[in-house]
Amino acid sequence: MPGINFNAFGFLQKKLKENNIDSCNVCLAIKEQETPADLMTRSNLSDEDVEAVFVNGEVSSFQARLKDGDRVAFVPPGTPGPYRVLLGIRDSKNRRK
């Protein structure tokens, strides 16, 4: 079964820990054609919990198909303005479609 390396940042770590889900440099098995949005659902995270997703170090769509070996990270809302630009987080709400 394919797998990814998963990380969550900020308060997402606490929220996932409350649900007994590891969130720091974890190897997770994924299903064929699974997306970050699917991973959010599986982890009991809502759209309001995750502002952006990084796949292999780049801001990605929530509908991108994950592949074996991908590095995936969830970023919570609240990233300050200048860092948003440096990280490439722009129009994150539109990336969920």
# chains A, B, ... in the order shown; residues from 1 in each chain; ligands from 1

call {"tool": "residues_around", "arguments": {"residues": "segment 57-71 of chain A", "least_positions_apart": "4", "cutoff": "9 Å", "atoms": "only C-alpha atoms", "output": "PDB file with C-alpha atoms, in the first residue's frame"}}
result
ATOM      1  CA  MET A   1       0.000   0.000   0.000  1.00  0.00           C
ATOM      2  CA  PRO A   2       1.362   3.464  -0.863  1.00  0.00           C
ATOM      3  CA  GLY A   3       2.416   5.793   1.936  1.00  0.00           C
ATOM      4  CA  ILE A   4       3.214   9.451   2.612  1.00  0.00           C
ATOM      5  CA  ASN A   5       5.202  11.403   5.185  1.00  0.00           C
ATOM      6  CA  PHE A   6       2.724  13.590   7.103  1.00  0.00           C
ATOM      7  CA  ASN A   7       3.128  16.679   9.280  1.00  0.00           C
ATOM      8  CA  ALA A  29      -0.687   4.622   4.413  1.00  0.00           C
ATOM      9  CA  ILE A  30      -2.885   6.157   1.725  1.00  0.00           C
ATOM     10  CA  LYS A  31      -5.438   4.733  -0.637  1.00  0.00           C
ATOM     11  CA  GLU A  32      -5.141   4.913  -4.402  1.00  0.00           C
ATOM     12  CA  GLN A  33      -6.221   8.366  -5.657  1.00  0.00           C
ATOM     13  CA  GLU A  34      -6.481   9.818  -2.114  1.00  0.00           C
ATOM     14  CA  THR A  35      -6.295  13.631  -1.869  1.00  0.00           C
ATOM     15  CA  PRO A  36      -5.377  16.041   0.932  1.00  0.00           C
ATOM     16  CA  ALA A  37      -9.117  16.743   1.292  1.00  0.00           C
ATOM     17  CA  ASP A  38      -9.702  13.004   1.822  1.00  0.00           C
ATOM     18  CA  ALA A  52      -3.217  25.398   3.204  1.00  0.00           C
ATOM     19  CA  VAL A  53      -1.631  22.110   2.281  1.00  0.00           C
ATOM     20  CA  LEU A  87       5.262  30.415   1.618  1.00  0.00           C
ATOM     21  CA  GLY A  88       3.032  30.930  -1.411  1.00  0.00           C
ATOM     22  CA  ILE A  89      -0.264  30.859   0.489  1.00  0.00           C
ATOM     23  CA  SER A  92      -6.145  29.390  -0.088  1.00  0.00           C
ATOM     24  CA  ASN A  94     -10.027  28.746  -3.732  1.00  0.00           C
ATOM     25  CA  ARG A  95      -7.533  25.865  -3.598  1.00  0.00           C
ATOM     26  CA  ARG A  96     -10.144  23.653  -1.896  1.00  0.00           C
ATOM     27  CA  LYS A  97     -12.294  23.444  -5.007  1.00  0.00           C
TER      28      LYS A  97
END

call {"tool": "select_by_dssp", "arguments": {"residues": "chain A", "states": "helix (DSSP H, G or I)", "output": "VMD selection string"}}
result
chain A and resid 11 to 18 36 to 42 81 to 87 92 to 96

call {"tool": "write_last_selection", "arguments": {"atoms": "N, CA and C atoms", "output": "compact mmCIF listing (two decimals), in the first residue's frame"}}
result
# COMPACT_ATOMS: atom_id res chain seq x y z
N PHE A 11 -1.79 24.56 16.02
CA PHE A 11 -2.82 23.94 16.85
C PHE A 11 -3.35 22.64 16.25
N LEU A 12 -3.05 22.39 14.98
CA LEU A 12 -3.51 21.14 14.37
C LEU A 12 -2.88 19.93 15.06
N GLN A 13 -1.65 20.08 15.54
CA GLN A 13 -1.00 18.98 16.25
C GLN A 13 -1.80 18.60 17.49
N LYS A 14 -2.23 19.60 18.25
CA LYS A 14 -3.02 19.34 19.46
C LYS A 14 -4.36 18.70 19.11
N LYS A 15 -5.02 19.24 18.09
CA LYS A 15 -6.33 18.70 17.70
C LYS A 15 -6.21 17.24 17.25
N LEU A 16 -5.18 16.93 16.48
CA LEU A 16 -5.00 15.55 16.03
C LEU A 16 -4.63 14.63 17.19
N LYS A 17 -3.81 15.13 18.10
CA LYS A 17 -3.42 14.33 19.26
C LYS A 17 -4.64 13.95 20.10
N GLU A 18 -5.60 14.88 20.22
CA GLU A 18 -6.83 14.60 20.96
C GLU A 18 -7.61 13.45 20.32
N PRO A 36 -5.47 15.40 -0.38
CA PRO A 36 -5.38 16.04 0.93
C PRO A 36 -6.75 16.26 1.56
N ALA A 37 -7.76 16.58 0.76
CA ALA A 37 -9.12 16.74 1.29
C ALA A 37 -9.61 15.44 1.91
N ASP A 38 -9.33 14.31 1.26
CA ASP A 38 -9.70 13.00 1.82
C ASP A 38 -8.97 12.75 3.13
N LEU A 39 -7.69 13.13 3.16
CA LEU A 39 -6.88 12.96 4.37
C LEU A 39 -7.43 13.81 5.52
N MET A 40 -7.90 15.02 5.19
CA MET A 40 -8.52 15.87 6.21
C MET A 40 -9.76 15.20 6.78
N THR A 41 -10.61 14.67 5.93
CA THR A 41 -11.83 13.99 6.37
C THR A 41 -11.48 12.80 7.25
N ARG A 42 -10.51 12.02 6.81
CA ARG A 42 -10.08 10.84 7.57
C ARG A 42 -9.52 11.24 8.93
N GLY A 81 0.83 37.80 7.41
CA GLY A 81 0.89 38.29 6.04
C GLY A 81 2.19 38.09 5.29
N PRO A 82 3.33 38.59 5.79
CA PRO A 82 4.57 38.44 5.03
C PRO A 82 4.96 36.97 4.82
N TYR A 83 4.70 36.15 5.80
CA TYR A 83 5.04 34.72 5.67
C TYR A 83 4.14 34.03 4.66
N ARG A 84 2.90 34.49 4.57
CA ARG A 84 1.96 33.92 3.59
C ARG A 84 2.54 34.07 2.19
N VAL A 85 3.07 35.26 1.91
CA VAL A 85 3.62 35.52 0.58
C VAL A 85 4.85 34.66 0.35
N LEU A 86 5.75 34.60 1.34
CA LEU A 86 6.96 33.80 1.19
C LEU A 86 6.65 32.32 1.01
N LEU A 87 5.62 31.83 1.72
CA LEU A 87 5.26 30.41 1.62
C LEU A 87 4.42 30.10 0.39
N SER A 92 -6.10 30.78 -0.55
CA SER A 92 -6.15 29.39 -0.09
C SER A 92 -7.56 28.83 -0.12
N LYS A 93 -8.56 29.65 0.09
CA LYS A 93 -9.95 29.17 0.05
C LYS A 93 -10.28 28.60 -1.33
N ASN A 94 -9.75 29.22 -2.38
CA ASN A 94 -10.03 28.75 -3.73
C ASN A 94 -9.31 27.44 -4.05
N ARG A 95 -8.27 27.10 -3.33
CA ARG A 95 -7.53 25.87 -3.60
C ARG A 95 -8.33 24.63 -3.19
N ARG A 96 -9.37 24.80 -2.39
CA ARG A 96 -10.14 23.65 -1.90
C ARG A 96 -11.09 23.12 -2.95

call {"tool": "select_by_dssp", "arguments": {"residues": "segment 23-93 of chain A", "states": "strand (DSSP E)", "output": "VMD selection string"}}
result
chain A and resid 26 to 29 52 to 55 58 to 60 71 to 75

call {"tool": "atom_distance", "arguments": {"atom1": "atom CA of Asn56 of chain A", "atom2": "atom CA of Val72 of chain A"}}
result
6.4 Å

call {"tool": "residues_around", "arguments": {"residues": "Glu48 of chain A", "least_positions_apart": "2", "cutoff": "9 Å", "atoms": "only C-alpha atoms", "output": "list in words"}}
result
Leu45, Ser46, Val50, Glu51, Pro76 and Pro77 of chain A

call {"tool": "atom_distance", "arguments": {"atom1": "atom CA of Ser23 of chain A", "atom2": "atom CA of Val55 of chain A"}}
result
15.0 Å
